[in-house]
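K.L.:
One structure coming up, written as C-alpha cells, with questions to follow.
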Amino acid sequence: PDGKMLATGSSDKTVILWKVDQINQIGTPLAQMDGEVWALAVSPNGKQFAAGDEAGNIRIWSFNGKALSEIKKFKHDQGVLTLAYSYDNKWLASAGYDKTIRVWNVQTGEEAWHIDNAHDDQIWSLMFSPDDNWLASASFDKTAKLWDTNTYKQVGKSMQHDNSVYALT
C-alpha cells in the first residue's frame, strides 16, 4: 500500500518480498508453499500479506516493515487462483478451481462464510468494494458476478462475456 514493497510468487513454490527502490529482496525467499504460487494479496493497512497455491494452501504473514512472520494457515479445497482482502482488513476471500468462494476471518483463522458453486467454472479474480458491502468475482465460465457480503446472495444478473473472464477491479 505504501509503494515500497513488492511481492512475487513463482512456480518454484516460493514467495519473495522486494524493496522496490533498491530492487533488493527482503530476507530469504519464503519456500513454505506446497505448490506453485498462483495468488497474492496484501491487506489495505499493509500489515498482512497472503499467498495461495495450486494445492489449495493459503498462508498469511504479518509484516512489521522489515520481516514477515507466519500467523495463519487456511486450506481451500482445491487450487487457489485468487485472493482479496476486505478494505476493513477483517476478511480474506479465496477462490479457484472448486468454483467456491470462501471468506476467512483473518483474526480468528476461521471460515466466516462461503458461497458454494458461485460460478460454473474456475474463479480467477475477486475484489471487495471499498465499503466491503459487495464482493465481485470473475470466472472462466464467461461471467462476472456481484455478491452481497451481508446475505451472501448474488446482486443482480451475471455480467456475461463472450469468453472467459480472468480479471476485474
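Convention: chains lettered A, B, ... in C-alpha cells order; per-chain residue numbering from 1; ligands numbered from 1 as shown.
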Hey, what's within 7 Å of region 42-53 of chain A if we count only C-alpha atoms and toss same-chain stuff fewer than 4 positions away? As a PyMOL selection string, please?
P.N.:
chain A and resi 1+33-38+57-64+79-80+85+87+89
K.L.:
Among region 7-163 of chain A, which ones does DSSP place in strand (DSSP E or B), written as a ChimeraX atom specification?
P.N.:
/A:7-9,15-19,24-25,30,37-42,48-53,57-63,68-75,80-85,91-96,101-105,111-115,123-128,134-139,143-148,154-160
K.L.:
When you look at region 99-106 of chain A with a cut-off of 7 Å (counting only C-alpha atoms), what residues show up, excluding the ones that are within fewer than 6 positions of it in the same chain? I need them as a list of chain:residue names.
P.N.:
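In the requested form, the answer reads A:Lys90, A:Trp91, A:Leu92, A:Ala93, A:Ala112, A:Trp113, A:His114, A:Ile115, A:Asp116, A:Asn117, A:Ala118, A:His119, A:Asp120, A:Asp121, A:Gln122, A:Ile123.
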K.L.:
For region 161-166 of chain A, work out the shell of residues within 10 Å, counting only C-alpha atoms and skipping chain neighbours fewer than 5 positions away, then give it as a VMD selection string.
P.N.:
chain A and resid 81 to 82 121 to 126 137 to 144
K.L.:
What's the 6 Å shell around Leu135 (chain A), counting only C-alpha atoms, without same-chain residues fewer than 6 positions away, as a list in words?
P.N.:
Met127, Phe128, Leu146 and Trp147 of chain A
K.L.:
Go through A:Val155, A:Gln107, A:Asp88, A:Ser129 one by one, measure the shortest atom-to-atom distance of each to Thr169 (chain A) using only C-alpha atoms, and give the residue with the smallest value.
P.N.:
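Nearest candidate to Thr169 (chain A) out of A:Val155, A:Gln107, A:Asp88, A:Ser129: A:Ser129.
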